[in-house]
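Text of entry.cif, listed as mmCIF, C-alpha atoms:
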data_entry
#
loop_
_atom_site.group_PDB
_atom_site.id
_atom_site.type_symbol
_atom_site.label_atom_id
_atom_site.label_comp_id
_atom_site.auth_asym_id
_atom_site.auth_seq_id
_atom_site.Cartn_x
_atom_site.Cartn_y
_atom_site.Cartn_z
ATOM 1 C CA MET A 202 15.585 -18.668 -1.348
ATOM 2 C CA ALA A 203 12.108 -19.029 -2.848
ATOM 3 C CA LYS A 204 9.272 -20.667 -0.941
ATOM 4 C CA TYR A 205 7.604 -23.506 -2.845
ATOM 5 C CA PHE A 206 3.800 -23.825 -2.801
ATOM 6 C CA ASP A 207 2.207 -26.974 -4.234
ATOM 7 C CA VAL A 208 -1.403 -26.125 -5.123
ATOM 8 C CA HIS A 209 -4.203 -28.339 -6.441
ATOM 9 C CA PRO A 210 -5.005 -27.157 -10.008
ATOM 10 C CA GLU A 211 -8.797 -27.353 -9.718
ATOM 11 C CA ASN A 212 -9.460 -27.011 -6.003
ATOM 12 C CA PRO A 213 -6.705 -24.756 -4.663
ATOM 13 C CA GLN A 214 -6.203 -25.103 -0.915
ATOM 14 C CA GLN A 215 -7.410 -21.866 0.679
ATOM 15 C CA ARG A 216 -4.737 -21.884 3.364
ATOM 16 C CA THR A 217 -1.997 -22.112 0.735
ATOM 17 C CA ILE A 218 -3.581 -19.394 -1.423
ATOM 18 C CA SER A 219 -3.775 -17.122 1.640
ATOM 19 C CA SER A 220 -0.090 -17.740 2.388
ATOM 20 C CA VAL A 221 0.901 -16.846 -1.174
ATOM 21 C CA VAL A 222 -1.195 -13.663 -1.096
ATOM 22 C CA ASP A 223 0.285 -12.678 2.281
ATOM 23 C CA SER A 224 3.710 -12.958 0.628
ATOM 24 C CA ILE A 225 2.573 -10.817 -2.331
ATOM 25 C CA ARG A 226 1.260 -8.136 0.040
ATOM 26 C CA SER A 227 4.608 -8.203 1.831
ATOM 27 C CA GLY A 228 6.438 -7.342 -1.384
ATOM 28 C CA ALA A 229 7.156 -10.802 -2.784
ATOM 29 C CA LEU A 230 7.873 -11.532 -6.434
ATOM 30 C CA ILE A 231 6.323 -14.868 -7.383
ATOM 31 C CA ALA A 232 6.208 -17.291 -10.294
ATOM 32 C CA TYR A 233 2.707 -18.652 -10.812
ATOM 33 C CA PRO A 234 0.729 -20.699 -13.371
ATOM 34 C CA THR A 235 -1.822 -19.262 -15.804
ATOM 35 C CA ASP A 236 -3.959 -20.611 -18.652
ATOM 36 C CA SER A 237 -1.116 -19.938 -21.100
ATOM 37 C CA CYS A 238 2.198 -20.416 -19.267
ATOM 38 C CA PHE A 239 3.998 -19.500 -16.062
ATOM 39 C CA ALA A 240 4.195 -15.798 -15.241
ATOM 40 C CA LEU A 241 6.072 -13.531 -12.864
ATOM 41 C CA GLY A 242 3.826 -11.515 -10.580
ATOM 42 C CA CYS A 243 3.856 -8.939 -7.783
ATOM 43 C CA GLN A 244 1.539 -6.403 -6.187
ATOM 44 C CA LEU A 245 0.528 -3.423 -8.321
ATOM 45 C CA GLY A 246 2.415 -0.785 -6.336
ATOM 46 C CA ASN A 247 5.565 -2.874 -5.864
ATOM 47 C CA ARG A 248 8.229 -0.721 -7.561
ATOM 48 C CA GLU A 249 11.054 -3.046 -6.555
ATOM 49 C CA GLY A 250 9.086 -5.969 -7.995
ATOM 50 C CA VAL A 251 8.854 -4.190 -11.357
ATOM 51 C CA THR A 252 12.609 -3.575 -11.315
ATOM 52 C CA ARG A 253 13.248 -7.239 -10.506
ATOM 53 C CA ILE A 254 10.998 -8.429 -13.354
ATOM 54 C CA ARG A 255 12.830 -6.141 -15.779
ATOM 55 C CA SER A 256 16.142 -7.535 -14.540
ATOM 56 C CA ILE A 257 15.122 -11.216 -14.748
ATOM 57 C CA ARG A 258 13.726 -10.808 -18.256
ATOM 58 C CA ASN A 259 16.165 -8.123 -19.446
ATOM 59 C CA LEU A 260 13.304 -5.824 -20.505
ATOM 60 C CA ASP A 261 13.488 -2.245 -21.749
ATOM 61 C CA ASP A 262 11.085 0.572 -20.842
ATOM 62 C CA LYS A 263 8.889 -0.105 -23.884
ATOM 63 C CA HIS A 264 7.766 -3.479 -22.565
ATOM 64 C CA HIS A 265 4.065 -3.722 -21.816
ATOM 65 C CA PHE A 266 3.438 -5.102 -18.359
ATOM 66 C CA THR A 267 0.129 -6.882 -17.847
ATOM 67 C CA LEU A 268 -2.463 -6.360 -15.149
ATOM 68 C CA VAL A 269 -3.976 -9.792 -14.567
ATOM 69 C CA CYS A 270 -7.569 -9.130 -13.475
ATOM 70 C CA GLN A 271 -10.182 -11.302 -11.829
ATOM 71 C CA ASN A 272 -13.114 -9.956 -13.845
ATOM 72 C CA PHE A 273 -14.391 -7.111 -16.019
ATOM 73 C CA ALA A 274 -15.357 -4.925 -13.078
ATOM 74 C CA GLN A 275 -11.722 -4.905 -12.004
ATOM 75 C CA LEU A 276 -10.371 -4.523 -15.530
ATOM 76 C CA GLY A 277 -12.554 -1.465 -16.132
ATOM 77 C CA GLN A 278 -10.862 0.466 -13.319
ATOM 78 C CA PHE A 279 -7.495 0.398 -15.076
ATOM 79 C CA VAL A 280 -8.146 0.839 -18.807
ATOM 80 C CA GLN A 281 -10.318 3.026 -21.025
ATOM 81 C CA ILE A 282 -12.613 0.865 -23.111
ATOM 82 C CA ASP A 283 -15.432 1.766 -25.509
ATOM 83 C CA ASN A 284 -18.501 -0.352 -26.260
ATOM 84 C CA ASP A 285 -17.236 -2.003 -29.447
ATOM 85 C CA VAL A 286 -13.915 -2.984 -27.904
ATOM 86 C CA PHE A 287 -15.696 -4.114 -24.735
ATOM 87 C CA ARG A 288 -17.855 -6.521 -26.731
ATOM 88 C CA ALA A 289 -14.860 -7.915 -28.622
ATOM 89 C CA ILE A 290 -12.893 -8.507 -25.433
ATOM 90 C CA LYS A 291 -15.896 -9.850 -23.515
ATOM 91 C CA ALA A 292 -16.411 -12.542 -26.163
ATOM 92 C CA ALA A 293 -12.825 -13.774 -25.752
ATOM 93 C CA THR A 294 -12.515 -13.819 -21.981
ATOM 94 C CA PRO A 295 -11.661 -15.418 -19.706
ATOM 95 C CA GLY A 296 -8.897 -16.871 -21.846
ATOM 96 C CA PRO A 297 -5.245 -16.719 -22.967
ATOM 97 C CA TYR A 298 -5.364 -13.184 -24.385
ATOM 98 C CA THR A 299 -3.654 -9.951 -23.355
ATOM 99 C CA PHE A 300 -5.262 -6.711 -24.530
ATOM 100 C CA ILE A 301 -3.328 -3.458 -24.834
ATOM 101 C CA LEU A 302 -5.498 -0.446 -24.017
ATOM 102 C CA PRO A 303 -5.144 3.189 -22.912
ATOM 103 C CA ALA A 304 -4.548 3.240 -19.165
ATOM 104 C CA THR A 305 -6.514 5.185 -16.570
ATOM 105 C CA SER A 306 -4.872 7.251 -13.829
ATOM 106 C CA GLU A 307 -5.144 4.197 -11.546
ATOM 107 C CA VAL A 308 -2.135 2.624 -13.268
ATOM 108 C CA PRO A 309 1.304 3.571 -11.872
ATOM 109 C CA ARG A 310 3.303 5.569 -14.416
ATOM 110 C CA GLN A 311 6.258 3.184 -14.397
ATOM 111 C CA LEU A 312 4.032 0.445 -15.850
ATOM 112 C CA LEU A 313 2.920 2.475 -18.862
ATOM 113 C CA HIS A 314 4.380 2.406 -22.343
ATOM 114 C CA PRO A 315 6.401 5.664 -22.289
ATOM 115 C CA LYS A 316 4.841 7.140 -25.441
ATOM 116 C CA LYS A 317 1.471 5.463 -25.825
ATOM 117 C CA LYS A 318 0.431 5.523 -22.135
ATOM 118 C CA THR A 319 -1.017 2.045 -22.587
ATOM 119 C CA VAL A 320 -0.952 -1.100 -20.469
ATOM 120 C CA GLY A 321 -1.782 -4.762 -20.998
ATOM 121 C CA VAL A 322 -4.770 -6.364 -19.257
ATOM 122 C CA ARG A 323 -6.149 -9.871 -19.170
ATOM 123 C CA ILE A 324 -8.618 -12.162 -17.412
ATOM 124 C CA PRO A 325 -7.224 -15.715 -17.189
ATOM 125 C CA ASP A 326 -9.180 -18.955 -17.271
ATOM 126 C CA HIS A 327 -7.205 -20.782 -14.584
ATOM 127 C CA GLY A 328 -8.448 -21.911 -11.184
ATOM 128 C CA VAL A 329 -5.270 -21.143 -9.252
ATOM 129 C CA THR A 330 -4.808 -17.705 -10.802
ATOM 130 C CA GLN A 331 -8.442 -16.842 -10.124
ATOM 131 C CA ALA A 332 -8.123 -18.016 -6.507
ATOM 132 C CA LEU A 333 -5.063 -15.787 -6.011
ATOM 133 C CA LEU A 334 -6.851 -12.793 -7.562
ATOM 134 C CA ALA A 335 -9.981 -13.337 -5.463
ATOM 135 C CA GLU A 336 -7.915 -13.426 -2.271
ATOM 136 C CA LEU A 337 -5.733 -10.451 -3.296
ATOM 137 C CA GLY A 338 -8.720 -8.279 -4.277
ATOM 138 C CA GLU A 339 -6.791 -6.376 -6.952
ATOM 139 C CA PRO A 340 -4.954 -7.153 -10.194
ATOM 140 C CA LEU A 341 -1.602 -8.920 -10.150
ATOM 141 C CA LEU A 342 1.141 -7.072 -11.994
ATOM 142 C CA SER A 343 2.585 -9.667 -14.339
ATOM 143 C CA SER A 344 4.926 -10.574 -17.152
ATOM 144 C CA THR A 345 5.448 -13.876 -18.974
ATOM 145 C CA LEU A 346 8.190 -15.959 -17.368
ATOM 146 C CA LEU A 347 10.345 -16.060 -20.485
ATOM 147 C CA LEU A 348 14.058 -15.760 -19.841
ATOM 148 C CA PRO A 349 16.389 -13.808 -22.137
ATOM 149 C CA ASP A 350 17.679 -15.785 -25.141
ATOM 150 C CA GLU A 351 15.165 -18.599 -24.579
ATOM 151 C CA ASP A 352 12.420 -19.399 -27.087
ATOM 152 C CA GLU A 353 9.903 -20.963 -24.704
ATOM 153 C CA PRO A 354 8.879 -20.405 -21.087
ATOM 154 C CA MET A 355 9.715 -23.031 -18.483
ATOM 155 C CA THR A 356 6.842 -25.445 -17.878
ATOM 156 C CA GLN A 357 7.720 -27.064 -14.544
ATOM 157 C CA GLY A 358 7.463 -25.427 -11.135
ATOM 158 C CA TRP A 359 10.397 -27.384 -9.723
ATOM 159 C CA GLU A 360 12.596 -26.264 -12.625
ATOM 160 C CA ILE A 361 11.674 -22.620 -11.991
ATOM 161 C CA LYS A 362 12.463 -23.089 -8.287
ATOM 162 C CA GLU A 363 15.817 -24.636 -9.171
ATOM 163 C CA ARG A 364 16.905 -22.030 -11.708
ATOM 164 C CA LEU A 365 15.446 -18.862 -10.201
ATOM 165 C CA ASP A 366 15.673 -19.659 -6.489
ATOM 166 C CA HIS A 367 17.998 -16.697 -5.900
ATOM 167 C CA VAL A 368 15.809 -14.069 -7.620
ATOM 168 C CA LEU A 369 12.257 -15.127 -6.663
ATOM 169 C CA ASP A 370 10.476 -15.131 -3.307
ATOM 170 C CA ALA A 371 7.939 -17.864 -4.091
ATOM 171 C CA VAL A 372 6.983 -20.425 -6.729
ATOM 172 C CA VAL A 373 3.359 -21.549 -7.014
ATOM 173 C CA ASP A 374 3.107 -24.938 -8.719
ATOM 174 C CA SER A 375 -0.125 -26.642 -9.823
ATOM 175 C CA GLY A 376 1.328 -29.096 -12.337
ATOM 176 C CA ASP A 377 2.309 -28.777 -15.973
ATOM 177 C CA CYS A 378 1.828 -25.381 -17.548
ATOM 178 C CA GLY A 379 1.716 -24.480 -21.223
ATOM 179 C CA THR A 380 4.618 -23.222 -23.320
ATOM 180 C CA LYS A 381 2.759 -20.592 -25.332
ATOM 181 C CA PRO A 382 2.439 -17.052 -23.947
ATOM 182 C CA THR A 383 -0.842 -15.223 -24.410
ATOM 183 C CA THR A 384 -1.953 -13.869 -27.741
ATOM 184 C CA VAL A 385 -1.543 -10.073 -27.555
ATOM 185 C CA ILE A 386 -4.112 -7.792 -29.206
ATOM 186 C CA ASP A 387 -3.532 -4.038 -29.306
ATOM 187 C CA PHE A 388 -6.859 -2.171 -29.136
ATOM 188 C CA SER A 389 -5.347 1.212 -28.260
ATOM 189 C CA SER A 390 -6.357 2.676 -31.645
ATOM 190 C CA GLY A 391 -9.890 1.246 -31.416
ATOM 191 C CA GLU A 392 -9.119 -1.450 -33.994
ATOM 192 C CA ALA A 393 -7.657 -4.883 -33.264
ATOM 193 C CA GLU A 394 -3.970 -5.224 -34.123
ATOM 194 C CA ILE A 395 -2.389 -8.619 -33.470
ATOM 195 C CA VAL A 396 0.958 -7.973 -31.789
ATOM 196 C CA ARG A 397 1.824 -11.556 -30.818
ATOM 197 C CA ARG A 398 0.252 -14.841 -31.806
ATOM 198 C CA GLY A 399 0.238 -17.187 -28.850
ATOM 199 C CA ALA A 400 -2.068 -19.553 -27.005
ATOM 200 C CA GLY A 401 -5.327 -17.886 -28.042
ATOM 201 C CA ASP A 402 -7.068 -18.220 -31.420
ATOM 202 C CA THR A 403 -6.676 -14.974 -33.384
ATOM 203 C CA ALA A 404 -9.414 -15.630 -35.979
ATOM 204 C CA ARG A 405 -12.038 -13.545 -34.153
ATOM 205 C CA PHE A 406 -9.712 -10.501 -34.258
ATOM 206 C CA GLU A 407 -8.716 -10.723 -37.904
ATOM 207 C CA ALA A 408 -10.271 -8.443 -40.495
ATOM 208 C CA GLU A 409 -12.772 -10.124 -42.769
#
Any chance you could give the structure as structure tokens?
Amino acid sequence: MAKYFDVHPENPQQRTISSVVDSIRSGALIAYPTDSCFALGCQLGNREGVTRIRSIRNLDDKHHFTLVCQNFAQLGQFVQIDNDVFRAIKAATPGPYTFILPATSEVPRQLLHPKKKTVGVRIPDHGVTQALLAELGEPLLSSTLLLPDEDEPMTQGWEIKERLDHVLDAVVDSGDCGTKPTTVIDFSSGEAEIVRRGAGDTARFEAE
């Protein structure tokens, strides 16, 4: 049965954030709000958490997991990024974008695309997500909370609690969340390739 945490969207209660992060460190799989839509998240080294996310979403081994990072200093530990790509990403963050980049050795192998050795990274513009990341002190391993055979993510914390109570450990709710997943940009070749159009504006990444 999932714990339910009601968090203020702009001024998250520190005690509640600490409780959620304690759960994450203890191996919990959580649903939490972002600046695009709800996501599933667990600690980076949580192998069981990865398996549970794959099961909930019915994902194959080619799915790109996302490392949700607090800032660029953190992001830079986990992906290889050159100056041109850095500038392009810097201009668009924080925001509802996921960037696919070559991973460093810091990223567990089971999170990598099996052939490309890439991983998704992003820096969200959301007070609750940022509070969780600040308390955790490392990226949150994440995937959009989009169930198999459904076109849009769930937008209400109580609905997630009701439907996924048996497969989640905690639900963090800070009010309505969006229905559009992040826009995904693949920079692994050095050039921007739009993989998924979502909540973020893609104009800045399109060729002139």
Please write the residues picked by the PyMOL selection byres ((chain A and resi 401) around 9) on this file as JSON, numbers by chain.
{"A": [237, 293, 296, 297, 298, 381, 382, 383, 384, 385, 398, 399, 400, 402, 403]}
Measuring between only C-alpha atoms, which one of A:Thr217, A:Gln357, A:Ser344, A:Thr294 shows the shortest distance to Gln271 in chain A?
A:Thr294
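You can rank A:Asp262, A:Gly379, A:Val269, A:His367 by their closest distance to Glu353 in chain A using only C-alpha atoms, and at the top of that list sits A:Gly379.
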Care to translate the PyMOL selection byres ((chain A and resi 315) around 12) into actual residues of this file, as JSON, numbers by chain?
{"A": [261, 262, 263, 264, 265, 266, 303, 304, 309, 310, 311, 312, 313, 314, 316, 317, 318, 319, 320]}
Save the residues we just selected, C-alpha atoms, as a tab-separated table (two decimals), in the coordinates of the input?
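Written output follows (out-v3.tsv):
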chain	number	residue	atom	x	y	z
A	261	ASP	CA	13.49	-2.24	-21.75
A	262	ASP	CA	11.08	0.57	-20.84
A	263	LYS	CA	8.89	-0.10	-23.88
A	264	HIS	CA	7.77	-3.48	-22.56
A	265	HIS	CA	4.07	-3.72	-21.82
A	266	PHE	CA	3.44	-5.10	-18.36
A	303	PRO	CA	-5.14	3.19	-22.91
A	304	ALA	CA	-4.55	3.24	-19.16
A	309	PRO	CA	1.30	3.57	-11.87
A	310	ARG	CA	3.30	5.57	-14.42
A	311	GLN	CA	6.26	3.18	-14.40
A	312	LEU	CA	4.03	0.44	-15.85
A	313	LEU	CA	2.92	2.48	-18.86
A	314	HIS	CA	4.38	2.41	-22.34
A	316	LYS	CA	4.84	7.14	-25.44
A	317	LYS	CA	1.47	5.46	-25.82
A	318	LYS	CA	0.43	5.52	-22.14
A	319	THR	CA	-1.02	2.04	-22.59
A	320	VAL	CA	-0.95	-1.10	-20.47
Could you tell me, as a count of residues only, exactly which residues end up selected when the PyMOL selection byres ((chain A and resi 253) around 12) is applied to this structure?
27
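Comparing A:Leu302, A:Val396, A:Thr345, A:Ala335 by their smallest distance to Asp283 in chain A, the closest is A:Leu302 (using all atoms listed in the file).
For the pair CA of Leu342 in chain A and CA of Val308 in chain A, the separation is 10.3 Å.
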Here is a test: counting all atoms listed in the file, which residue of A:Arg288, A:Ser224, A:Ala393, A:Asp374 is nearest to Phe273 in chain A?
A:Arg288
As JSON, please: the centre and edge lengths in Å, to one decimal, of an axis-aligned box enclosing every listed atom of range 337-350 of chain A with 8 Å added on each side.
{"center_x": 4.5, "center_y": -11.2, "center_z": -14.2, "size_x": 42.4, "size_y": 25.7, "size_z": 37.8}
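Counting from CA of Gln215 in chain A, the distance to CA of Asp366 in chain A is 24.3 Å.
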With distances taken over only C-alpha atoms, the candidate from A:Ala289, A:Leu268, A:Leu337, A:Ala332 nearest Phe406 in chain A is A:Ala289
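Across the model, the gap from CA of Glu339 in chain A to CA of Gln275 in chain A is 7.2 Å.
Ranking A:Thr235, A:Tyr205, A:Gly246, A:Leu341 by their shortest atom-to-atom distance to Pro295 in chain A, with only C-alpha atoms included, puts A:Thr235 first.
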What's around Ile218 in chain A at 9 Å? Count all atoms listed in the file, leave out sequence neighbours fewer than 6 positions away in its own chain, and write the answer as a PyMOL selection string.
chain A and resi 206+208+329+332-333+336
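Neighbourhood of point (-8.6, -23.5, -13.2): residues with an atom at most 7 Å away, counting all atoms listed in the file, are A:Pro210, A:Glu211, A:Asp326, A:His327, A:Gly328, A:Val329.
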